[in-house]
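Taking it in order: structure first as structure tokens, then the write-up.
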Amino acid sequence: MQQSSSLHDLAGVAGIVPSYLDQSGTETRTTSDSTRVALLRAMGIDASTPAHADAALEEWNRRERTRVLPPVRVVRGDDPDAGTVLARAPEGTARVEWTLELVPETGEAQHARGAANAEADGTVRLSLPGTPPPGYHTLRVTLRTESGGQEAKQSLIVVPGECPPVAEVAGQERVFGVIANLYSVRSAENWGIGDAGDLARLGEWTAEIGGAFLGVNPLHALRNRGDDISPYSPVSRIFRNAIYIDVPAIPEFTASEEAKRMVESARAELEELRTSDRVQYEPVMALKRRVLEVLHRSFAAGGGERAEAYRAYLETQGESLTHFATFEALAGHLESGDWRTWPEALRDPRSPAVAEFAARHAEEIDFHRWLQFELDRQLAVAAARGESAGLAIGLYQDLAIGTSPAGADVWANPHLFVTGASIGAPPDAYSAEGQNWGLPPLDPRALKEDAYRYWVRLVRASMRHAGALRIDHAIGLFRQFWIPEGAVGKDGAYVSFPVEDLLGILALEAHRHRALVVGEDLGTVPPEVPPVLRRWGVLSSRVFYFEREGDEFRPAAEYEPMSLATANTHDMPTLAGFWRGRDIEVKREVGVIPSDEAAEAQRRDRVQERRAILERLAAEGVLPAPEHPGSGAALRGAVHAFLSRTPAALVGLSLDDLVGEAEPVNVPGVSPSEFSAWTRKLATPIEELARDPRVHDAIPDDERKLSPGE
């Protein structure tokens, strides 16, 4: 394709990065013109020919020249220019009279007026009557010139300089906690999947052993059927998965004889779901739904404090909850969770056809709203029980990088998402073609035009009832790798995001929720990322497996203090699986390792890795000699003791590692037909955690606080 300076300029203002350094750190990959054209097309910009690129660039520049105010401004309260507003008058204007109205988030409006000379490009500097406090404010400006008047409105978001530090939230500078996959939890009371009741019990147990936080997988809403069970490809990142509701804990259950009879008649089914080694998402949700529908009817017929609390919840969630509930009802009636396959008239949430459906199915839509209300209540109870037991930080929630292209968030907000490209990863040592995750990217231009409202809702929902939040793939706040539709990973390019604005809002909400923020910054990290995260008070991620210098494991003292240190993540083998080489076996079984010879080579490498681990643990004094301590639990305890000796502010102990699980929960890049990800349950039920000697041995002595039952 012939190069066009307009094409390159247009791609630049749209955020498409012209080149990047690959994972090797030595090769620069340049974005092709065909990729520029494809990604601009995905953003709704036609640059297919030089003439079209010229016209699109001129329209872009014209819009910026004639805009009085940007739609949103995010500014730190301590910025010396926080009280200055830059407006734009028509070019050629010499003198401008202006009036300004600042409507703060709370309190009365403030006004200012004056006159100023416009700069050559039309810029006019206005002064706020005073810098407003941190929060979301509305700014209205009127400019009057000889040729007439112009008006504009801006969302002014004033943010703190950084997220809260660990000492402020936890009461001390270094703490540890437990990280669990809630769906995998086995208990005597759940219905075949870990639920909010289990979450509360796990929080109390974590506090008993001296932990400050309990981390969980993303609780985002899923379809809960077929392959749609990955917590990292949700239907919605704003709303949660109703499968986690603890049905007998619903207040209406106690008085509902019908619900109790239903549960009693399903005793055999419940037992089968509980004892299964794998989470049976669809049967579990089907059983829960039958009872939940009965309880919703009881709730709807009631009143009192529950009804008042429900009305208050609906008010806080607004239109976005109604859209989500309507999507869920439509998906059920159309027997398809993919809105792209629905009749054309139902693909627009604001269409007359959707309004007609909503009127005819009001009770069902209310049912889905009520599910979110009840799950929210149960999460609040779990958080409160953890706090009462002594969890200084509380629940630690996880925000996935994206949402399913077929899901409710995209259906309800089509103007924010790019549907002609997917988020992925560039080629690296693990994938020569790169990775396509199939997640639709948010358009950074549209996000800003919408004053970041979706991002604000997302962060608020994720921090609700939480004392910490993990941002999955935090580099996505800086830039995301977009792959054009129909292309492979190597044909993608990075697109930059307004990271300072996004992190500022994150810091504002973190202070409001008194929550820590952890950024998952693993893999290839551009050099500019770590200092920006540190400046905003976002903790980084440090994983034992990755902390190496050549063939040796890094000393504990060299770990980043502002970090969460863990042995592994949900995408990596457990400690027991790593030591036994079970991850190599699984990868060979599913074809990730292409041959027996390649698998044998990895087993030989693993022998060296195990030796290097023992040498590091002995050098740190957590093992008496570079030898296996005799039991898997003792070895896992030594790794955890090593992590506890690092200066990392947070240390996360995986529940899988505490109980000695060897099977992974996920194998990245493998289809569900090849590996049943996100379904493996814990072999050890939570009732046995306090008295299991393996768990006891896997918790370092200086972090152990034995429960009364031990």
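Following the order of the structure tokens, chains are lettered A, B, ..., residues in each are numbered from 1, and ligands are numbered from 1.
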
Spatial neighbours of segment 661-663 of chain A, 10 Å, only C-alpha atoms, chain gap at least 2 places, as a ChimeraX atom specification: /A:573-583,586,655-659,665-666,680-684

Each residue of segment 117-200 of chain A with at least one atom at most 9 Å from segment 213-234 of chain A should appear once, together with its nearest atom pair and the corresponding distance in Å (one decimal); atoms considered: only C-alpha atoms; ordering: chain, then increasing residue number; output as CSV.
residue,atom,partner,partner_atom,distance
A:Val175,CA,A:Phe213,CA,8.4
A:Phe176,CA,A:Phe213,CA,7.0
A:Gly177,CA,A:Phe213,CA,4.6
A:Val178,CA,A:Leu214,CA,5.0
A:Ile179,CA,A:Gly215,CA,4.2
A:Ala180,CA,A:Val216,CA,5.1
A:Asn181,CA,A:Asn217,CA,5.2
A:Leu182,CA,A:Val216,CA,6.0
A:Tyr183,CA,A:Asn217,CA,8.3
A:Leu199,CA,A:Leu214,CA,8.6

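Distance check against Leu202 of chain A using only C-alpha atoms: of A:Val68, A:Leu522, A:Leu391, A:Ala612, the minimum falls on A:Leu391.
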
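With atom CA of Met285 of chain A on one side and atom CA of Pro414 of chain A on the other, the separation reads 28.3 Å.
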
Could I get the residues of segment 128-182 of chain A with an atom no further than 10 Å from an atom of segment 86-92 of chain A, each paired with its nearest atom pair and that distance in Å to one decimal, using only C-alpha atoms, sorted by chain and residue number, as JSON lines?
{"residue": "A:Val141", "atom": "CA", "partner": "A:Ala87", "partner_atom": "CA", "distance": 8.2}
{"residue": "A:Thr142", "atom": "CA", "partner": "A:Ala87", "partner_atom": "CA", "distance": 9.5}
{"residue": "A:Leu143", "atom": "CA", "partner": "A:Ala89", "partner_atom": "CA", "distance": 7.2}
{"residue": "A:Arg144", "atom": "CA", "partner": "A:Ala89", "partner_atom": "CA", "distance": 8.8}
{"residue": "A:Thr145", "atom": "CA", "partner": "A:Ala89", "partner_atom": "CA", "distance": 8.2}
{"residue": "A:Ser147", "atom": "CA", "partner": "A:Pro90", "partner_atom": "CA", "distance": 9.3}
{"residue": "A:Gly149", "atom": "CA", "partner": "A:Ala89", "partner_atom": "CA", "distance": 9.4}
{"residue": "A:Gln150", "atom": "CA", "partner": "A:Ala89", "partner_atom": "CA", "distance": 8.1}
{"residue": "A:Ala152", "atom": "CA", "partner": "A:Ala87", "partner_atom": "CA", "distance": 9.1}

Non-local contacts of Glu500 of chain A (9 Å; only C-alpha atoms; under 6 positions in same chain excluded) as a ChimeraX atom specification: /A:74,477-478,532,536

Have a look at atom CA of Met562 of chain A and atom CA of Val538 of chain A and let me know their distance in Å, one decimal. 7.8 Å

Distance criterion (only C-alpha atoms): nearest to Leu156 of chain A out of A:Leu379, A:Leu564, A:Ala11, A:Val103: A:Val103

Give me, as JSON lines, each residue of segment 349-397 of chain A that comes within 10 Å of segment 514-521 of chain A, together with its shortest interatomic pair and the distance in Å at one decimal, counting only C-alpha atoms, with rows ordered by chain and rising residue number.
{"residue": "A:Ile393", "atom": "CA", "partner": "A:Ala515", "partner_atom": "CA", "distance": 7.7}
{"residue": "A:Gly394", "atom": "CA", "partner": "A:Ala515", "partner_atom": "CA", "distance": 9.2}
{"residue": "A:Leu395", "atom": "CA", "partner": "A:Ala515", "partner_atom": "CA", "distance": 9.7}
{"residue": "A:Tyr396", "atom": "CA", "partner": "A:Leu516", "partner_atom": "CA", "distance": 8.7}
{"residue": "A:Gln397", "atom": "CA", "partner": "A:Val517", "partner_atom": "CA", "distance": 9.7}

Near Val495 of chain A, within 9 Å and counting only C-alpha atoms, which residues show up once chain neighbours fewer than 3 positions away are dropped, as a ChimeraX atom specification? /A:14-17,444,478-482

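For Arg274 of chain A, the residues within 7 Å (counting only C-alpha atoms, excluding itself and residues fewer than 3 positions away along the chain) are Trp191, Gly192, Leu270 and Glu271 of chain A.
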
How would the residues just chosen look if you wrote them out with N, CA, C and O atoms as a PDB file, in the first residue's frame?
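Just written: result-v1.pdb:
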ATOM      1  N   TRP A 191     -23.555 -25.573  46.577  1.00  0.00           N
ATOM      2  CA  TRP A 191     -24.338 -26.371  45.636  1.00  0.00           C
ATOM      3  C   TRP A 191     -23.516 -26.811  44.428  1.00  0.00           C
ATOM      4  O   TRP A 191     -24.029 -26.898  43.323  1.00  0.00           O
ATOM      5  N   GLY A 192     -22.249 -27.081  44.638  1.00  0.00           N
ATOM      6  CA  GLY A 192     -21.408 -27.560  43.547  1.00  0.00           C
ATOM      7  C   GLY A 192     -20.456 -26.520  43.009  1.00  0.00           C
ATOM      8  O   GLY A 192     -19.704 -26.798  42.071  1.00  0.00           O
ATOM      9  N   LEU A 270     -28.166 -32.357  44.240  1.00  0.00           N
ATOM     10  CA  LEU A 270     -27.229 -31.511  44.977  1.00  0.00           C
ATOM     11  C   LEU A 270     -25.985 -32.299  45.387  1.00  0.00           C
ATOM     12  O   LEU A 270     -24.851 -31.808  45.252  1.00  0.00           O
ATOM     13  N   GLU A 271     -26.186 -33.505  45.865  1.00  0.00           N
ATOM     14  CA  GLU A 271     -25.058 -34.310  46.309  1.00  0.00           C
ATOM     15  C   GLU A 271     -24.133 -34.632  45.142  1.00  0.00           C
ATOM     16  O   GLU A 271     -22.904 -34.603  45.278  1.00  0.00           O
TER      17      GLU A 271
END

Residues of segment 320-429 of chain A classed as strand (DSSP E or B) by DSSP on the backbone are to be reported as JSON, numbers by chain. {"A": [394, 395, 396, 397, 398, 399, 417, 421, 422, 423, 424, 425]}

I need the chosen residues saved as a compact mmCIF listing (two decimals), in the first residue's frame, with C-alpha atoms.
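The resulting file, out-v2.txt, is shown below:
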# COMPACT_ATOMS: atom_id res chain seq x y z
CA GLY A 394 -10.66 -7.36 53.42
CA LEU A 395 -11.71 -8.77 50.07
CA TYR A 396 -9.29 -8.36 47.17
CA GLN A 397 -11.17 -8.36 43.89
CA ASP A 398 -9.96 -8.86 40.33
CA LEU A 399 -10.84 -6.79 37.23
CA PHE A 417 -16.37 -0.67 21.81
CA ALA A 421 -10.54 -5.66 16.10
CA SER A 422 -9.65 -7.79 19.11
CA ILE A 423 -7.27 -7.42 22.04
CA GLY A 424 -4.34 -9.79 22.06
CA ALA A 425 -0.59 -10.07 22.44

One residue among A:Gly303, A:Pro160, A:Pro248, A:Gly652 is nearest to Asp79 of chain A when using only C-alpha atoms, and that residue is A:Pro160

Per DSSP on the backbone, filter segment 623-698 of chain A down to the residues in alpha helix (DSSP H) and report them as a ChimeraX atom specification. /A:632-644,655-659,693-698

Give me a file of those residues, with N, CA, C and O atoms, as a JSON list (two decimals), in the first residue's frame.
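Output saved as selection-v4.json:
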[["chain", "number", "residue", "atom", "x", "y", "z"],
["A", 632, "GLY", "N", 6.02, -32.39, 50.44],
["A", 632, "GLY", "CA", 5.62, -31.31, 49.55],
["A", 632, "GLY", "C", 5.13, -30.10, 50.30],
["A", 632, "GLY", "O", 5.40, -28.95, 49.91],
["A", 633, "ALA", "N", 4.42, -30.32, 51.41],
["A", 633, "ALA", "CA", 3.90, -29.21, 52.19],
["A", 633, "ALA", "C", 5.04, -28.39, 52.79],
["A", 633, "ALA", "O", 4.99, -27.15, 52.81],
["A", 634, "ALA", "N", 6.08, -29.07, 53.28],
["A", 634, "ALA", "CA", 7.22, -28.35, 53.85],
["A", 634, "ALA", "C", 7.94, -27.54, 52.79],
["A", 634, "ALA", "O", 8.40, -26.42, 53.06],
["A", 635, "LEU", "N", 8.04, -28.08, 51.58],
["A", 635, "LEU", "CA", 8.68, -27.33, 50.49],
["A", 635, "LEU", "C", 7.85, -26.10, 50.14],
["A", 635, "LEU", "O", 8.40, -25.00, 49.97],
["A", 636, "ARG", "N", 6.53, -26.27, 50.05],
["A", 636, "ARG", "CA", 5.67, -25.12, 49.75],
["A", 636, "ARG", "C", 5.76, -24.09, 50.87],
["A", 636, "ARG", "O", 5.76, -22.88, 50.62],
["A", 637, "GLY", "N", 5.85, -24.56, 52.10],
["A", 637, "GLY", "CA", 6.02, -23.64, 53.22],
["A", 637, "GLY", "C", 7.32, -22.87, 53.13],
["A", 637, "GLY", "O", 7.38, -21.68, 53.48],
["A", 638, "ALA", "N", 8.38, -23.52, 52.62],
["A", 638, "ALA", "CA", 9.66, -22.83, 52.47],
["A", 638, "ALA", "C", 9.57, -21.74, 51.41],
["A", 638, "ALA", "O", 10.12, -20.65, 51.57],
["A", 639, "VAL", "N", 8.88, -22.04, 50.29],
["A", 639, "VAL", "CA", 8.69, -21.01, 49.26],
["A", 639, "VAL", "C", 7.90, -19.84, 49.83],
["A", 639, "VAL", "O", 8.24, -18.67, 49.61],
["A", 640, "HIS", "N", 6.87, -20.14, 50.60],
["A", 640, "HIS", "CA", 6.07, -19.08, 51.20],
["A", 640, "HIS", "C", 6.87, -18.29, 52.24],
["A", 640, "HIS", "O", 6.72, -17.07, 52.36],
["A", 641, "ALA", "N", 7.74, -18.98, 52.97],
["A", 641, "ALA", "CA", 8.60, -18.28, 53.92],
["A", 641, "ALA", "C", 9.57, -17.36, 53.18],
["A", 641, "ALA", "O", 9.86, -16.24, 53.63],
["A", 642, "PHE", "N", 10.06, -17.82, 52.04],
["A", 642, "PHE", "CA", 10.93, -16.98, 51.22],
["A", 642, "PHE", "C", 10.20, -15.72, 50.78],
["A", 642, "PHE", "O", 10.72, -14.60, 50.90],
["A", 643, "LEU", "N", 8.97, -15.87, 50.30],
["A", 643, "LEU", "CA", 8.19, -14.71, 49.86],
["A", 643, "LEU", "C", 7.96, -13.75, 51.02],
["A", 643, "LEU", "O", 7.98, -12.52, 50.84],
["A", 644, "SER", "N", 7.76, -14.31, 52.21],
["A", 644, "SER", "CA", 7.50, -13.46, 53.38],
["A", 644, "SER", "C", 8.73, -12.68, 53.80],
["A", 644, "SER", "O", 8.63, -11.69, 54.54],
["A", 655, "LEU", "N", -4.45, -20.51, 47.67],
["A", 655, "LEU", "CA", -5.13, -21.60, 48.37],
["A", 655, "LEU", "C", -4.81, -22.94, 47.72],
["A", 655, "LEU", "O", -4.69, -23.96, 48.40],
["A", 656, "ASP", "N", -4.65, -22.95, 46.39],
["A", 656, "ASP", "CA", -4.25, -24.17, 45.70],
["A", 656, "ASP", "C", -2.93, -24.70, 46.25],
["A", 656, "ASP", "O", -2.75, -25.91, 46.42],
["A", 657, "ASP", "N", -1.99, -23.78, 46.52],
["A", 657, "ASP", "CA", -0.69, -24.20, 47.04],
["A", 657, "ASP", "C", -0.76, -24.61, 48.51],
["A", 657, "ASP", "O", -0.05, -25.52, 48.94],
["A", 658, "LEU", "N", -1.61, -23.96, 49.27],
["A", 658, "LEU", "CA", -1.74, -24.32, 50.67],
["A", 658, "LEU", "C", -2.26, -25.74, 50.84],
["A", 658, "LEU", "O", -1.84, -26.46, 51.75],
["A", 659, "VAL", "N", -3.16, -26.17, 49.97],
["A", 659, "VAL", "CA", -3.72, -27.52, 50.10],
["A", 659, "VAL", "C", -2.99, -28.54, 49.23],
["A", 659, "VAL", "O", -3.27, -29.73, 49.31],
["A", 693, "PRO", "N", -2.91, -30.98, 58.29],
["A", 693, "PRO", "CA", -1.49, -30.74, 58.59],
["A", 693, "PRO", "C", -0.72, -30.20, 57.39],
["A", 693, "PRO", "O", 0.27, -29.49, 57.56],
["A", 694, "ARG", "N", -1.14, -30.55, 56.18],
["A", 694, "ARG", "CA", -0.45, -30.03, 55.00],
["A", 694, "ARG", "C", -0.60, -28.51, 54.91],
["A", 694, "ARG", "O", 0.35, -27.80, 54.57],
["A", 695, "VAL", "N", -1.80, -28.03, 55.17],
["A", 695, "VAL", "CA", -2.04, -26.59, 55.16],
["A", 695, "VAL", "C", -1.20, -25.93, 56.26],
["A", 695, "VAL", "O", -0.57, -24.89, 56.04],
["A", 696, "HIS", "N", -1.18, -26.55, 57.42],
["A", 696, "HIS", "CA", -0.41, -26.03, 58.55],
["A", 696, "HIS", "C", 1.06, -25.88, 58.16],
["A", 696, "HIS", "O", 1.70, -24.85, 58.43],
["A", 697, "ASP", "N", 1.62, -26.90, 57.50],
["A", 697, "ASP", "CA", 3.04, -26.88, 57.15],
["A", 697, "ASP", "C", 3.34, -25.91, 56.01],
["A", 697, "ASP", "O", 4.49, -25.47, 55.86],
["A", 698, "ALA", "N", 2.35, -25.58, 55.19],
["A", 698, "ALA", "CA", 2.57, -24.70, 54.05],
["A", 698, "ALA", "C", 2.49, -23.22, 54.42],
["A", 698, "ALA", "O", 2.79, -22.37, 53.58]]

Near Tyr545 of chain A, counting only C-alpha atoms, which residues have an atom at most 9 Å away, once you skip same-chain residues fewer than 4 positions from it, shown as a ChimeraX atom specification? /A:553,566-568,572

Output file for the residues above (all heavy atoms, as a PDB file, in the first residue's frame):
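Okay, out39.pdb is ready:
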ATOM      1  N   PHE A 553      17.523 -17.970  40.819  1.00  0.00           N
ATOM      2  CA  PHE A 553      16.365 -17.238  41.319  1.00  0.00           C
ATOM      3  C   PHE A 553      16.837 -16.029  42.113  1.00  0.00           C
ATOM      4  O   PHE A 553      17.815 -16.098  42.861  1.00  0.00           O
ATOM      5  CB  PHE A 553      15.472 -18.151  42.164  1.00  0.00           C
ATOM      6  CG  PHE A 553      14.619 -19.067  41.329  1.00  0.00           C
ATOM      7  CD1 PHE A 553      15.165 -20.220  40.767  1.00  0.00           C
ATOM      8  CD2 PHE A 553      13.296 -18.761  41.066  1.00  0.00           C
ATOM      9  CE1 PHE A 553      14.395 -21.055  39.972  1.00  0.00           C
ATOM     10  CE2 PHE A 553      12.516 -19.590  40.269  1.00  0.00           C
ATOM     11  CZ  PHE A 553      13.069 -20.735  39.715  1.00  0.00           C
ATOM     12  N   THR A 566       3.802 -13.283  44.804  1.00  0.00           N
ATOM     13  CA  THR A 566       3.116 -14.572  44.833  1.00  0.00           C
ATOM     14  C   THR A 566       4.022 -15.632  44.223  1.00  0.00           C
ATOM     15  O   THR A 566       4.980 -15.311  43.512  1.00  0.00           O
ATOM     16  CB  THR A 566       1.791 -14.535  44.049  1.00  0.00           C
ATOM     17  OG1 THR A 566       2.077 -14.226  42.672  1.00  0.00           O
ATOM     18  CG2 THR A 566       0.839 -13.495  44.615  1.00  0.00           C
ATOM     19  N   ALA A 567       3.700 -16.878  44.469  1.00  0.00           N
ATOM     20  CA  ALA A 567       4.465 -17.957  43.849  1.00  0.00           C
ATOM     21  C   ALA A 567       4.095 -18.116  42.388  1.00  0.00           C
ATOM     22  O   ALA A 567       4.935 -18.434  41.545  1.00  0.00           O
ATOM     23  CB  ALA A 567       4.227 -19.264  44.601  1.00  0.00           C
ATOM     24  N   ASN A 568       2.820 -17.887  42.060  1.00  0.00           N
ATOM     25  CA  ASN A 568       2.323 -18.140  40.709  1.00  0.00           C
ATOM     26  C   ASN A 568       1.062 -17.318  40.478  1.00  0.00           C
ATOM     27  O   ASN A 568       0.709 -16.459  41.303  1.00  0.00           O
ATOM     28  CB  ASN A 568       2.034 -19.641  40.526  1.00  0.00           C
ATOM     29  CG  ASN A 568       1.337 -20.231  41.744  1.00  0.00           C
ATOM     30  OD1 ASN A 568       0.444 -19.613  42.317  1.00  0.00           O
ATOM     31  ND2 ASN A 568       1.768 -21.410  42.173  1.00  0.00           N
ATOM     32  N   MET A 572      -0.571 -20.156  35.625  1.00  0.00           N
ATOM     33  CA  MET A 572       0.687 -20.873  35.824  1.00  0.00           C
ATOM     34  C   MET A 572       0.449 -22.136  36.650  1.00  0.00           C
ATOM     35  O   MET A 572      -0.577 -22.277  37.316  1.00  0.00           O
ATOM     36  CB  MET A 572       1.695 -19.966  36.546  1.00  0.00           C
ATOM     37  CG  MET A 572       2.011 -18.695  35.798  1.00  0.00           C
ATOM     38  SD  MET A 572       3.099 -17.636  36.792  1.00  0.00           S
ATOM     39  CE  MET A 572       2.883 -16.090  35.905  1.00  0.00           C
TER      40      MET A 572
END

Among A:Ala358, A:Val279, A:Leu375, A:Ala109, Gly194 of chain A is approached most closely, using only C-alpha atoms, by A:Val279

For a quick check of understanding, using only C-alpha atoms, which of A:Ala167, A:Leu539, A:Val263, A:Met463 has the smallest distance to His513 of chain A? A:Met463

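The smallest atom-to-atom distance between Ile471 of chain A and any of A:Ala487, A:Ile505, A:Val592, A:Ala400, using only C-alpha atoms, is found for A:Ala400.
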
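From atom CA of Ala474 of chain A back to atom CA of Gly492 of chain A, the distance works out to 19.0 Å.
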
Can you tell me, as JSON, numbers by chain, what residues are no more than 7 Å from Pro426 of chain A when counting only C-alpha atoms, ignoring any on the same chain fewer than 3 positions away? {"A": [434, 435, 481, 489, 490]}

Hey, can you spit out that residue selection with N, CA, C and O atoms as an mmCIF file, in the first residue's frame?
data_model
loop_
_atom_site.group_PDB
_atom_site.id
_atom_site.type_symbol
_atom_site.label_atom_id
_atom_site.label_comp_id
_atom_site.auth_asym_id
_atom_site.auth_seq_id
_atom_site.Cartn_x
_atom_site.Cartn_y
_atom_site.Cartn_z
ATOM 1 N N GLY A 434 1.631 -14.652 17.681
ATOM 2 C CA GLY A 434 0.941 -13.774 18.616
ATOM 3 C C GLY A 434 -0.320 -14.437 19.136
ATOM 4 O O GLY A 434 -0.677 -15.547 18.743
ATOM 5 N N GLN A 435 -1.007 -13.762 20.039
ATOM 6 C CA GLN A 435 -2.236 -14.307 20.627
ATOM 7 C C GLN A 435 -3.406 -13.374 20.363
ATOM 8 O O GLN A 435 -3.275 -12.159 20.486
ATOM 9 N N PHE A 481 -2.715 -4.147 22.579
ATOM 10 C CA PHE A 481 -2.349 -4.704 21.277
ATOM 11 C C PHE A 481 -3.621 -5.104 20.549
ATOM 12 O O PHE A 481 -4.342 -6.002 20.975
ATOM 13 N N GLY A 489 -2.025 -12.440 15.024
ATOM 14 C CA GLY A 489 -1.390 -11.576 16.007
ATOM 15 C C GLY A 489 -0.239 -10.754 15.470
ATOM 16 O O GLY A 489 -0.064 -9.588 15.848
ATOM 17 N N LYS A 490 0.566 -11.347 14.592
ATOM 18 C CA LYS A 490 1.734 -10.613 14.100
ATOM 19 C C LYS A 490 1.343 -9.414 13.245
ATOM 20 O O LYS A 490 2.179 -8.544 12.982
#
